[in-house]
Amino acid sequence: MQKFLESKGVLVKKGYFPDEPEAQLVNAFEDHGIPGPDPNSPCVCLTQTFKGKWNKEVVEILTVAFILVVKQGQYKPVQHIWPQMGEDKVRKKCQHKLYHMQYICWGCGKPKSDKLNRMYQR
C-alpha cells in the first residue's frame, strides 16, 4: 500500500510534501456535496480530521483504487483474496497511513511560509 499511496502523491517523502486541496473546494464539498476530491489525484485536507466528509471521501477513493489495482495484478505479491485485503481492513490501513502523513505535516516537517519564518526570526 505504501508504494500505491506514494504513486498517488499523498504521502510525505524526503523533500516532498503532498498538496493540500483549496479551502473553497473543501467547503463546497462539505456544504453542498460538490465537486469533491479528484479521483486521479486526491488530496488530504490537513485542517480537518478523518471524520470530515472530504477526508472520508479521499480514503474511500484510495481504498477502492488500491483494491482494484491489486485485483488487476499490479502488485503481484499481494492477492486480493487475502483476509487483510478486505475493504474494511484496507480502509483502516489507508486511513492510518494518511493520518501519519497528516501528523508529519502538522509537525515540524512541513515547510512554513516565508511570512511565518520572518515572524519567528524577529
# chains A, B, ... in the order shown; residues from 1 in each chain; ligands from 1

call {"tool": "residues_around", "arguments": {"residues": "Tyr99 in chain A", "least_positions_apart": "3", "cutoff": "10 Å", "atoms": "only C-alpha atoms", "output": "ChimeraX atom specification"}}
result
/A:11,44,46,49-50,55,93-96,102-105

call {"tool": "write_last_selection", "arguments": {"atoms": "C-alpha atoms", "output": "PDB file, in the first residue's frame"}}
result
ATOM      1  CA  LEU A  11       2.472  10.542   1.323  1.00  0.00           C
ATOM      2  CA  VAL A  44      -5.911  15.095   2.069  1.00  0.00           C
ATOM      3  CA  LEU A  46      -4.726  18.882   6.660  1.00  0.00           C
ATOM      4  CA  THR A  49      -9.829  15.085  10.839  1.00  0.00           C
ATOM      5  CA  PHE A  50     -10.766  11.886   9.064  1.00  0.00           C
ATOM      6  CA  ASN A  55     -11.028  13.172   4.077  1.00  0.00           C
ATOM      7  CA  LYS A  93      -4.733   0.828   6.882  1.00  0.00           C
ATOM      8  CA  CYS A  94      -5.135   3.623   4.343  1.00  0.00           C
ATOM      9  CA  GLN A  95      -6.585   5.979   6.951  1.00  0.00           C
ATOM     10  CA  HIS A  96      -3.757   5.150   9.366  1.00  0.00           C
ATOM     11  CA  GLN A 102      -1.048  14.474   8.281  1.00  0.00           C
ATOM     12  CA  TYR A 103       0.733  14.286  11.634  1.00  0.00           C
ATOM     13  CA  ILE A 104       4.114  14.776   9.954  1.00  0.00           C
ATOM     14  CA  CYS A 105       2.786  17.784   8.038  1.00  0.00           C
TER      15      CYS A 105
END

call {"tool": "residues_around", "arguments": {"residues": "Ile67 in chain A", "least_positions_apart": "6", "cutoff": "9 Å", "atoms": "only C-alpha atoms", "output": "list in words"}}
result
His80, Met85, Gly86, Glu87 and Val90 of chain A

call {"tool": "write_last_selection", "arguments": {"atoms": "all heavy atoms", "output": "compact mmCIF listing (two decimals), in the first residue's frame"}}
result
# COMPACT_ATOMS: atom_id res chain seq x y z
N HIS A 80 -5.76 -10.33 -3.83
CA HIS A 80 -6.99 -9.69 -3.36
C HIS A 80 -7.85 -10.62 -2.50
O HIS A 80 -8.78 -10.16 -1.84
CB HIS A 80 -7.80 -9.12 -4.52
CG HIS A 80 -8.46 -10.17 -5.36
ND1 HIS A 80 -7.79 -10.87 -6.34
CD2 HIS A 80 -9.73 -10.64 -5.36
CE1 HIS A 80 -8.61 -11.71 -6.90
NE2 HIS A 80 -9.80 -11.60 -6.33
N MET A 85 -6.97 -8.06 2.83
CA MET A 85 -7.41 -7.25 1.69
C MET A 85 -8.91 -6.97 1.73
O MET A 85 -9.46 -6.44 0.77
CB MET A 85 -7.05 -7.95 0.37
CG MET A 85 -5.59 -7.80 -0.02
SD MET A 85 -5.05 -6.09 -0.17
CE MET A 85 -6.07 -5.54 -1.51
N GLY A 86 -9.56 -7.29 2.84
CA GLY A 86 -10.96 -6.92 2.99
C GLY A 86 -11.10 -5.41 2.98
O GLY A 86 -10.21 -4.68 3.42
N GLU A 87 -12.20 -4.92 2.47
CA GLU A 87 -12.38 -3.48 2.30
C GLU A 87 -12.21 -2.71 3.61
O GLU A 87 -11.57 -1.67 3.64
CB GLU A 87 -13.75 -3.18 1.68
CG GLU A 87 -13.87 -1.76 1.20
CD GLU A 87 -15.12 -1.50 0.40
OE1 GLU A 87 -15.61 -2.43 -0.26
OE2 GLU A 87 -15.60 -0.37 0.45
N VAL A 90 -8.45 -2.65 4.57
CA VAL A 90 -7.70 -1.77 3.68
C VAL A 90 -8.02 -0.31 4.00
O VAL A 90 -7.14 0.54 4.03
CB VAL A 90 -8.01 -2.09 2.19
CG1 VAL A 90 -7.40 -1.06 1.26
CG2 VAL A 90 -7.50 -3.48 1.84

call {"tool": "residues_around", "arguments": {"residues": "Glu20 in chain A", "least_positions_apart": "4", "cutoff": "12 Å", "atoms": "only C-alpha atoms", "output": "VMD selection string"}}
result
chain A and resid 9 to 11 24 to 26 37 to 38 41 to 48 54 to 55 58 101 to 102 105 110

call {"tool": "write_last_selection", "arguments": {"atoms": "N, CA and C atoms", "output": "compact mmCIF listing (two decimals), in the first residue's frame"}}
result
# COMPACT_ATOMS: atom_id res chain seq x y z
N GLY A 9 0.75 10.34 -4.74
CA GLY A 9 1.24 11.62 -4.26
C GLY A 9 0.63 12.09 -2.96
N VAL A 10 0.17 11.16 -2.13
CA VAL A 10 -0.47 11.56 -0.88
C VAL A 10 0.39 11.31 0.36
N LEU A 11 1.60 10.78 0.18
CA LEU A 11 2.47 10.54 1.32
C LEU A 11 3.67 11.48 1.30
N GLN A 24 -11.76 26.42 -0.59
CA GLN A 24 -13.06 26.64 -1.23
C GLN A 24 -13.66 25.32 -1.71
N LEU A 25 -12.81 24.45 -2.27
CA LEU A 25 -13.30 23.15 -2.74
C LEU A 25 -13.78 22.30 -1.58
N VAL A 26 -13.00 22.30 -0.50
CA VAL A 26 -13.37 21.51 0.67
C VAL A 26 -14.69 22.01 1.25
N PRO A 37 -13.23 15.43 -4.05
CA PRO A 37 -11.82 15.19 -4.39
C PRO A 37 -11.67 14.59 -5.79
N ASP A 38 -10.58 14.93 -6.43
CA ASP A 38 -10.27 14.40 -7.76
C ASP A 38 -9.81 12.96 -7.60
N SER A 41 -6.04 12.36 -8.51
CA SER A 41 -5.02 12.89 -7.61
C SER A 41 -5.69 13.46 -6.36
N PRO A 42 -6.18 12.59 -5.48
CA PRO A 42 -6.84 13.06 -4.27
C PRO A 42 -5.87 13.72 -3.32
N CYS A 43 -6.33 14.75 -2.65
CA CYS A 43 -5.50 15.48 -1.68
C CYS A 43 -6.19 15.43 -0.32
N VAL A 44 -5.40 15.13 0.70
CA VAL A 44 -5.91 15.10 2.07
C VAL A 44 -5.96 16.52 2.59
N CYS A 45 -7.06 16.87 3.23
CA CYS A 45 -7.20 18.18 3.86
C CYS A 45 -6.51 18.11 5.22
N LEU A 46 -5.49 18.93 5.42
CA LEU A 46 -4.73 18.88 6.66
C LEU A 46 -5.42 19.59 7.81
N THR A 47 -6.45 20.37 7.51
CA THR A 47 -7.11 21.14 8.57
C THR A 47 -8.30 20.42 9.18
N GLN A 48 -8.65 19.25 8.68
CA GLN A 48 -9.76 18.51 9.26
C GLN A 48 -9.34 17.08 9.59
N TRP A 54 -14.63 15.42 3.43
CA TRP A 54 -13.59 15.44 2.41
C TRP A 54 -12.60 14.30 2.62
N ASN A 55 -12.04 14.20 3.82
CA ASN A 55 -11.03 13.17 4.08
C ASN A 55 -11.62 11.77 4.03
N VAL A 58 -11.67 10.92 0.40
CA VAL A 58 -10.32 10.62 -0.09
C VAL A 58 -9.93 9.20 0.30
N MET A 101 0.78 10.75 7.75
CA MET A 101 1.25 11.81 6.86
C MET A 101 0.77 13.16 7.37
N GLN A 102 -0.47 13.23 7.77
CA GLN A 102 -1.05 14.47 8.28
C GLN A 102 -0.31 14.93 9.54
N CYS A 105 2.98 16.45 8.61
CA CYS A 105 2.79 17.78 8.04
C CYS A 105 2.43 18.81 9.10
N LYS A 110 6.54 20.03 7.73
CA LYS A 110 6.04 20.84 6.61
C LYS A 110 6.69 22.22 6.63

call {"tool": "residues_around", "arguments": {"residues": "Phe66 in chain A", "least_positions_apart": "6", "cutoff": "12 Å", "atoms": "only C-alpha atoms", "output": "PDB file with all heavy atoms, in the first residue's frame"}}
result
ATOM      1  N   MET A   1       0.824  -1.187   0.000  1.00  0.00           N
ATOM      2  CA  MET A   1       0.000   0.000   0.000  1.00  0.00           C
ATOM      3  C   MET A   1       0.870   1.253   0.000  1.00  0.00           C
ATOM      4  O   MET A   1       0.477   2.260  -0.587  1.00  0.00           O
ATOM      5  CB  MET A   1      -0.940   0.005   1.203  1.00  0.00           C
ATOM      6  CG  MET A   1      -1.796   1.248   1.250  1.00  0.00           C
ATOM      7  SD  MET A   1      -3.033   1.285   2.496  1.00  0.00           S
ATOM      8  CE  MET A   1      -4.365   0.541   1.616  1.00  0.00           C
ATOM      9  N   GLN A   2       2.023   1.181   0.620  1.00  0.00           N
ATOM     10  CA  GLN A   2       2.929   2.319   0.690  1.00  0.00           C
ATOM     11  C   GLN A   2       3.282   2.822  -0.718  1.00  0.00           C
ATOM     12  O   GLN A   2       3.167   4.007  -1.002  1.00  0.00           O
ATOM     13  CB  GLN A   2       4.200   1.914   1.435  1.00  0.00           C
ATOM     14  CG  GLN A   2       5.196   3.027   1.623  1.00  0.00           C
ATOM     15  CD  GLN A   2       4.946   3.836   2.859  1.00  0.00           C
ATOM     16  OE1 GLN A   2       4.194   3.439   3.738  1.00  0.00           O
ATOM     17  NE2 GLN A   2       5.555   4.985   2.930  1.00  0.00           N
ATOM     18  N   LYS A   3       3.677   1.911  -1.596  1.00  0.00           N
ATOM     19  CA  LYS A   3       4.049   2.299  -2.964  1.00  0.00           C
ATOM     20  C   LYS A   3       2.855   2.882  -3.714  1.00  0.00           C
ATOM     21  O   LYS A   3       3.000   3.842  -4.470  1.00  0.00           O
ATOM     22  CB  LYS A   3       4.610   1.099  -3.724  1.00  0.00           C
ATOM     23  CG  LYS A   3       5.988   0.709  -3.280  1.00  0.00           C
ATOM     24  CD  LYS A   3       6.503  -0.444  -4.094  1.00  0.00           C
ATOM     25  CE  LYS A   3       7.873  -0.854  -3.606  1.00  0.00           C
ATOM     26  NZ  LYS A   3       8.420  -1.969  -4.382  1.00  0.00           N
ATOM     27  N   PHE A   4       1.684   2.310  -3.496  1.00  0.00           N
ATOM     28  CA  PHE A   4       0.475   2.808  -4.155  1.00  0.00           C
ATOM     29  C   PHE A   4       0.187   4.243  -3.715  1.00  0.00           C
ATOM     30  O   PHE A   4      -0.055   5.118  -4.547  1.00  0.00           O
ATOM     31  CB  PHE A   4      -0.718   1.906  -3.847  1.00  0.00           C
ATOM     32  CG  PHE A   4      -2.025   2.458  -4.327  1.00  0.00           C
ATOM     33  CD1 PHE A   4      -2.358   2.416  -5.673  1.00  0.00           C
ATOM     34  CD2 PHE A   4      -2.914   3.044  -3.444  1.00  0.00           C
ATOM     35  CE1 PHE A   4      -3.554   2.949  -6.128  1.00  0.00           C
ATOM     36  CE2 PHE A   4      -4.115   3.576  -3.884  1.00  0.00           C
ATOM     37  CZ  PHE A   4      -4.433   3.522  -5.235  1.00  0.00           C
ATOM     38  N   LEU A   5       0.218   4.497  -2.411  1.00  0.00           N
ATOM     39  CA  LEU A   5      -0.072   5.839  -1.904  1.00  0.00           C
ATOM     40  C   LEU A   5       0.996   6.838  -2.339  1.00  0.00           C
ATOM     41  O   LEU A   5       0.683   7.992  -2.627  1.00  0.00           O
ATOM     42  CB  LEU A   5      -0.221   5.812  -0.383  1.00  0.00           C
ATOM     43  CG  LEU A   5      -1.430   5.035   0.141  1.00  0.00           C
ATOM     44  CD1 LEU A   5      -1.424   4.987   1.661  1.00  0.00           C
ATOM     45  CD2 LEU A   5      -2.734   5.607  -0.372  1.00  0.00           C
ATOM     46  N   GLU A   6       2.244   6.389  -2.413  1.00  0.00           N
ATOM     47  CA  GLU A   6       3.302   7.268  -2.915  1.00  0.00           C
ATOM     48  C   GLU A   6       3.059   7.613  -4.381  1.00  0.00           C
ATOM     49  O   GLU A   6       3.266   8.748  -4.801  1.00  0.00           O
ATOM     50  CB  GLU A   6       4.673   6.618  -2.743  1.00  0.00           C
ATOM     51  CG  GLU A   6       5.173   6.648  -1.323  1.00  0.00           C
ATOM     52  CD  GLU A   6       6.492   5.924  -1.136  1.00  0.00           C
ATOM     53  OE1 GLU A   6       7.025   5.337  -2.113  1.00  0.00           O
ATOM     54  OE2 GLU A   6       6.996   5.934  -0.004  1.00  0.00           O
ATOM     55  N   SER A   7       2.607   6.619  -5.156  1.00  0.00           N
ATOM     56  CA  SER A   7       2.339   6.876  -6.574  1.00  0.00           C
ATOM     57  C   SER A   7       1.186   7.863  -6.765  1.00  0.00           C
ATOM     58  O   SER A   7       1.134   8.573  -7.765  1.00  0.00           O
ATOM     59  CB  SER A   7       2.047   5.567  -7.314  1.00  0.00           C
ATOM     60  OG  SER A   7       0.762   5.076  -6.983  1.00  0.00           O
ATOM     61  N   LYS A   8       0.273   7.902  -5.816  1.00  0.00           N
ATOM     62  CA  LYS A   8      -0.844   8.852  -5.874  1.00  0.00           C
ATOM     63  C   LYS A   8      -0.450  10.234  -5.345  1.00  0.00           C
ATOM     64  O   LYS A   8      -1.214  11.188  -5.446  1.00  0.00           O
ATOM     65  CB  LYS A   8      -2.046   8.330  -5.059  1.00  0.00           C
ATOM     66  CG  LYS A   8      -2.730   7.142  -5.691  1.00  0.00           C
ATOM     67  CD  LYS A   8      -3.400   7.557  -6.973  1.00  0.00           C
ATOM     68  CE  LYS A   8      -4.263   6.452  -7.531  1.00  0.00           C
ATOM     69  NZ  LYS A   8      -4.952   6.875  -8.740  1.00  0.00           N
ATOM     70  N   PRO A  39     -10.501  11.993  -8.203  1.00  0.00           N
ATOM     71  CA  PRO A  39     -10.113  10.583  -8.062  1.00  0.00           C
ATOM     72  C   PRO A  39      -8.720  10.271  -8.614  1.00  0.00           C
ATOM     73  O   PRO A  39      -8.068   9.343  -8.160  1.00  0.00           O
ATOM     74  CB  PRO A  39     -11.171   9.822  -8.859  1.00  0.00           C
ATOM     75  CG  PRO A  39     -12.290  10.770  -9.051  1.00  0.00           C
ATOM     76  CD  PRO A  39     -11.720  12.151  -8.976  1.00  0.00           C
ATOM     77  N   VAL A  59     -10.219   8.811   1.539  1.00  0.00           N
ATOM     78  CA  VAL A  59      -9.915   7.447   1.996  1.00  0.00           C
ATOM     79  C   VAL A  59     -10.699   6.430   1.172  1.00  0.00           C
ATOM     80  O   VAL A  59     -10.152   5.399   0.761  1.00  0.00           O
ATOM     81  CB  VAL A  59     -10.204   7.281   3.508  1.00  0.00           C
ATOM     82  CG1 VAL A  59     -10.127   5.822   3.931  1.00  0.00           C
ATOM     83  CG2 VAL A  59      -9.222   8.111   4.326  1.00  0.00           C
ATOM     84  N   GLU A  60     -11.966   6.705   0.893  1.00  0.00           N
ATOM     85  CA  GLU A  60     -12.782   5.792   0.085  1.00  0.00           C
ATOM     86  C   GLU A  60     -12.226   5.651  -1.331  1.00  0.00           C
ATOM     87  O   GLU A  60     -12.139   4.548  -1.861  1.00  0.00           O
ATOM     88  CB  GLU A  60     -14.242   6.259   0.032  1.00  0.00           C
ATOM     89  CG  GLU A  60     -14.999   6.058   1.313  1.00  0.00           C
ATOM     90  CD  GLU A  60     -15.034   4.613   1.774  1.00  0.00           C
ATOM     91  OE1 GLU A  60     -15.293   3.708   0.952  1.00  0.00           O
ATOM     92  OE2 GLU A  60     -14.773   4.383   2.961  1.00  0.00           O
ATOM     93  N   GLN A  72      -6.175  -6.348 -10.353  1.00  0.00           N
ATOM     94  CA  GLN A  72      -5.632  -6.337 -11.708  1.00  0.00           C
ATOM     95  C   GLN A  72      -4.220  -6.921 -11.771  1.00  0.00           C
ATOM     96  O   GLN A  72      -3.687  -7.106 -12.849  1.00  0.00           O
ATOM     97  CB  GLN A  72      -5.622  -4.911 -12.262  1.00  0.00           C
ATOM     98  CG  GLN A  72      -6.995  -4.365 -12.511  1.00  0.00           C
ATOM     99  CD  GLN A  72      -6.962  -2.891 -12.897  1.00  0.00           C
ATOM    100  OE1 GLN A  72      -5.951  -2.205 -12.742  1.00  0.00           O
ATOM    101  NE2 GLN A  72      -8.087  -2.398 -13.392  1.00  0.00           N
ATOM    102  N   GLY A  73      -3.619  -7.185 -10.614  1.00  0.00           N
ATOM    103  CA  GLY A  73      -2.304  -7.812 -10.572  1.00  0.00           C
ATOM    104  C   GLY A  73      -1.126  -6.866 -10.659  1.00  0.00           C
ATOM    105  O   GLY A  73      -0.014  -7.300 -10.932  1.00  0.00           O
ATOM    106  N   GLN A  74      -1.338  -5.584 -10.400  1.00  0.00           N
ATOM    107  CA  GLN A  74      -0.235  -4.629 -10.471  1.00  0.00           C
ATOM    108  C   GLN A  74       0.746  -4.781  -9.308  1.00  0.00           C
ATOM    109  O   GLN A  74       1.895  -4.366  -9.422  1.00  0.00           O
ATOM    110  CB  GLN A  74      -0.765  -3.207 -10.533  1.00  0.00           C
ATOM    111  CG  GLN A  74      -1.442  -2.898 -11.847  1.00  0.00           C
ATOM    112  CD  GLN A  74      -1.876  -1.452 -11.944  1.00  0.00           C
ATOM    113  OE1 GLN A  74      -1.478  -0.610 -11.143  1.00  0.00           O
ATOM    114  NE2 GLN A  74      -2.705  -1.151 -12.927  1.00  0.00           N
ATOM    115  N   TYR A  75       0.297  -5.335  -8.213  1.00  0.00           N
ATOM    116  CA  TYR A  75       1.161  -5.600  -7.055  1.00  0.00           C
ATOM    117  C   TYR A  75       1.148  -7.102  -6.828  1.00  0.00           C
ATOM    118  O   TYR A  75       0.476  -7.617  -5.935  1.00  0.00           O
ATOM    119  CB  TYR A  75       0.674  -4.829  -5.826  1.00  0.00           C
ATOM    120  CG  TYR A  75       0.778  -3.335  -6.017  1.00  0.00           C
ATOM    121  CD1 TYR A  75      -0.319  -2.569  -6.401  1.00  0.00           C
ATOM    122  CD2 TYR A  75       1.992  -2.691  -5.836  1.00  0.00           C
ATOM    123  CE1 TYR A  75      -0.209  -1.213  -6.593  1.00  0.00           C
ATOM    124  CE2 TYR A  75       2.108  -1.321  -6.028  1.00  0.00           C
ATOM    125  CZ  TYR A  75       1.012  -0.586  -6.400  1.00  0.00           C
ATOM    126  OH  TYR A  75       1.118   0.768  -6.592  1.00  0.00           O
ATOM    127  N   VAL A  78       0.840  -9.399  -3.623  1.00  0.00           N
ATOM    128  CA  VAL A  78      -0.394  -9.235  -2.839  1.00  0.00           C
ATOM    129  C   VAL A  78      -1.559  -9.838  -3.622  1.00  0.00           C
ATOM    130  O   VAL A  78      -1.725  -9.583  -4.810  1.00  0.00           O
ATOM    131  CB  VAL A  78      -0.669  -7.739  -2.557  1.00  0.00           C
ATOM    132  CG1 VAL A  78      -1.932  -7.568  -1.729  1.00  0.00           C
ATOM    133  CG2 VAL A  78       0.516  -7.099  -1.866  1.00  0.00           C
ATOM    134  N   GLN A  79      -2.369 -10.633  -2.942  1.00  0.00           N
ATOM    135  CA  GLN A  79      -3.542 -11.251  -3.561  1.00  0.00           C
ATOM    136  C   GLN A  79      -4.807 -10.635  -2.975  1.00  0.00           C
ATOM    137  O   GLN A  79      -4.906 -10.447  -1.762  1.00  0.00           O
ATOM    138  CB  GLN A  79      -3.550 -12.763  -3.305  1.00  0.00           C
ATOM    139  CG  GLN A  79      -2.356 -13.482  -3.899  1.00  0.00           C
ATOM    140  CD  GLN A  79      -2.379 -13.452  -5.414  1.00  0.00           C
ATOM    141  OE1 GLN A  79      -3.417 -13.619  -6.032  1.00  0.00           O
ATOM    142  NE2 GLN A  79      -1.222 -13.218  -6.010  1.00  0.00           N
ATOM    143  N   HIS A  80      -5.761 -10.330  -3.831  1.00  0.00           N
ATOM    144  CA  HIS A  80      -6.989  -9.688  -3.355  1.00  0.00           C
ATOM    145  C   HIS A  80      -7.850 -10.617  -2.497  1.00  0.00           C
ATOM    146  O   HIS A  80      -8.777 -10.160  -1.843  1.00  0.00           O
ATOM    147  CB  HIS A  80      -7.803  -9.122  -4.524  1.00  0.00           C
ATOM    148  CG  HIS A  80      -8.461 -10.168  -5.356  1.00  0.00           C
ATOM    149  ND1 HIS A  80      -7.785 -10.867  -6.338  1.00  0.00           N
ATOM    150  CD2 HIS A  80      -9.732 -10.636  -5.357  1.00  0.00           C
ATOM    151  CE1 HIS A  80      -8.607 -11.713  -6.903  1.00  0.00           C
ATOM    152  NE2 HIS A  80      -9.795 -11.596  -6.333  1.00  0.00           N
ATOM    153  N   MET A  85      -6.969  -8.058   2.829  1.00  0.00           N
ATOM    154  CA  MET A  85      -7.410  -7.255   1.690  1.00  0.00           C
ATOM    155  C   MET A  85      -8.907  -6.967   1.731  1.00  0.00           C
ATOM    156  O   MET A  85      -9.464  -6.443   0.773  1.00  0.00           O
ATOM    157  CB  MET A  85      -7.048  -7.946   0.367  1.00  0.00           C
ATOM    158  CG  MET A  85      -5.585  -7.804  -0.018  1.00  0.00           C
ATOM    159  SD  MET A  85      -5.055  -6.093  -0.172  1.00  0.00           S
ATOM    160  CE  MET A  85      -6.071  -5.537  -1.513  1.00  0.00           C
ATOM    161  N   GLY A  86      -9.559  -7.288   2.838  1.00  0.00           N
ATOM    162  CA  GLY A  86     -10.964  -6.924   2.994  1.00  0.00           C
ATOM    163  C   GLY A  86     -11.101  -5.410   2.978  1.00  0.00           C
ATOM    164  O   GLY A  86     -10.206  -4.678   3.420  1.00  0.00           O
ATOM    165  N   GLU A  87     -12.205  -4.921   2.467  1.00  0.00           N
ATOM    166  CA  GLU A  87     -12.377  -3.475   2.301  1.00  0.00           C
ATOM    167  C   GLU A  87     -12.210  -2.708   3.610  1.00  0.00           C
ATOM    168  O   GLU A  87     -11.569  -1.665   3.638  1.00  0.00           O
ATOM    169  CB  GLU A  87     -13.747  -3.183   1.677  1.00  0.00           C
ATOM    170  CG  GLU A  87     -13.866  -1.763   1.202  1.00  0.00           C
ATOM    171  CD  GLU A  87     -15.120  -1.501   0.402  1.00  0.00           C
ATOM    172  OE1 GLU A  87     -15.613  -2.430  -0.264  1.00  0.00           O
ATOM    173  OE2 GLU A  87     -15.604  -0.369   0.452  1.00  0.00           O
ATOM    174  N   LYS A  89     -10.467  -3.541   6.290  1.00  0.00           N
ATOM    175  CA  LYS A  89      -9.072  -3.562   6.733  1.00  0.00           C
ATOM    176  C   LYS A  89      -8.206  -2.658   5.861  1.00  0.00           C
ATOM    177  O   LYS A  89      -7.337  -1.952   6.371  1.00  0.00           O
ATOM    178  CB  LYS A  89      -8.535  -4.990   6.739  1.00  0.00           C
ATOM    179  CG  LYS A  89      -9.164  -5.812   7.843  1.00  0.00           C
ATOM    180  CD  LYS A  89      -8.573  -7.179   7.930  1.00  0.00           C
ATOM    181  CE  LYS A  89      -9.285  -7.933   9.067  1.00  0.00           C
ATOM    182  NZ  LYS A  89      -8.654  -9.201   9.337  1.00  0.00           N
ATOM    183  N   VAL A  90      -8.454  -2.648   4.569  1.00  0.00           N
ATOM    184  CA  VAL A  90      -7.702  -1.769   3.676  1.00  0.00           C
ATOM    185  C   VAL A  90      -8.022  -0.313   3.999  1.00  0.00           C
ATOM    186  O   VAL A  90      -7.138   0.539   4.034  1.00  0.00           O
ATOM    187  CB  VAL A  90      -8.011  -2.093   2.194  1.00  0.00           C
ATOM    188  CG1 VAL A  90      -7.403  -1.056   1.263  1.00  0.00           C
ATOM    189  CG2 VAL A  90      -7.500  -3.478   1.836  1.00  0.00           C
ATOM    190  N   ARG A  91      -9.279  -0.019   4.259  1.00  0.00           N
ATOM    191  CA  ARG A  91      -9.698   1.343   4.603  1.00  0.00           C
ATOM    192  C   ARG A  91      -8.993   1.821   5.869  1.00  0.00           C
ATOM    193  O   ARG A  91      -8.469   2.931   5.929  1.00  0.00           O
ATOM    194  CB  ARG A  91     -11.212   1.404   4.786  1.00  0.00           C
ATOM    195  CG  ARG A  91     -11.743   2.803   5.056  1.00  0.00           C
ATOM    196  CD  ARG A  91     -13.248   2.838   5.229  1.00  0.00           C
ATOM    197  NE  ARG A  91     -13.947   2.369   4.045  1.00  0.00           N
ATOM    198  CZ  ARG A  91     -14.638   1.218   3.980  1.00  0.00           C
ATOM    199  NH1 ARG A  91     -14.747   0.436   5.037  1.00  0.00           N
ATOM    200  NH2 ARG A  91     -15.242   0.869   2.875  1.00  0.00           N
ATOM    201  N   LYS A  93      -6.162   0.702   7.156  1.00  0.00           N
ATOM    202  CA  LYS A  93      -4.733   0.828   6.882  1.00  0.00           C
ATOM    203  C   LYS A  93      -4.460   2.122   6.119  1.00  0.00           C
ATOM    204  O   LYS A  93      -3.519   2.854   6.428  1.00  0.00           O
ATOM    205  CB  LYS A  93      -4.246  -0.384   6.081  1.00  0.00           C
ATOM    206  CG  LYS A  93      -2.791  -0.407   5.829  1.00  0.00           C
ATOM    207  CD  LYS A  93      -2.051  -0.783   7.068  1.00  0.00           C
ATOM    208  CE  LYS A  93      -0.598  -1.100   6.730  1.00  0.00           C
ATOM    209  NZ  LYS A  93       0.186  -1.360   7.891  1.00  0.00           N
ATOM    210  N   CYS A  94      -5.273   2.405   5.133  1.00  0.00           N
ATOM    211  CA  CYS A  94      -5.135   3.623   4.343  1.00  0.00           C
ATOM    212  C   CYS A  94      -5.305   4.854   5.243  1.00  0.00           C
ATOM    213  O   CYS A  94      -4.499   5.787   5.190  1.00  0.00           O
ATOM    214  CB  CYS A  94      -6.162   3.627   3.223  1.00  0.00           C
ATOM    215  SG  CYS A  94      -6.085   5.066   2.152  1.00  0.00           S
TER     216      CYS A  94
END

call {"tool": "closest_residue", "arguments": {"among": "A:Asp19, A:Leu98, A:Pro83, A:His32", "to": "Leu62 in chain A", "atoms": "only C-alpha atoms"}}
result
A:Leu98

call {"tool": "atom_distance", "arguments": {"atom1": "CA of Lys76 in chain A", "atom2": "CA of Val12 in chain A"}}
result
24.4 Å

call {"tool": "select_by_dssp", "arguments": {"residues": "chain A", "states": "alpha helix (DSSP H)", "output": "NGL selection string"}}
result
:A and (2-7 or 23-32 or 53-71 or 87-106 or 114-121)

call {"tool": "closest_residue", "arguments": {"among": "A:Pro77, A:Gly15, A:Pro21, A:Gly36", "to": "Ile61 in chain A", "atoms": "only C-alpha atoms"}}
result
A:Gly36
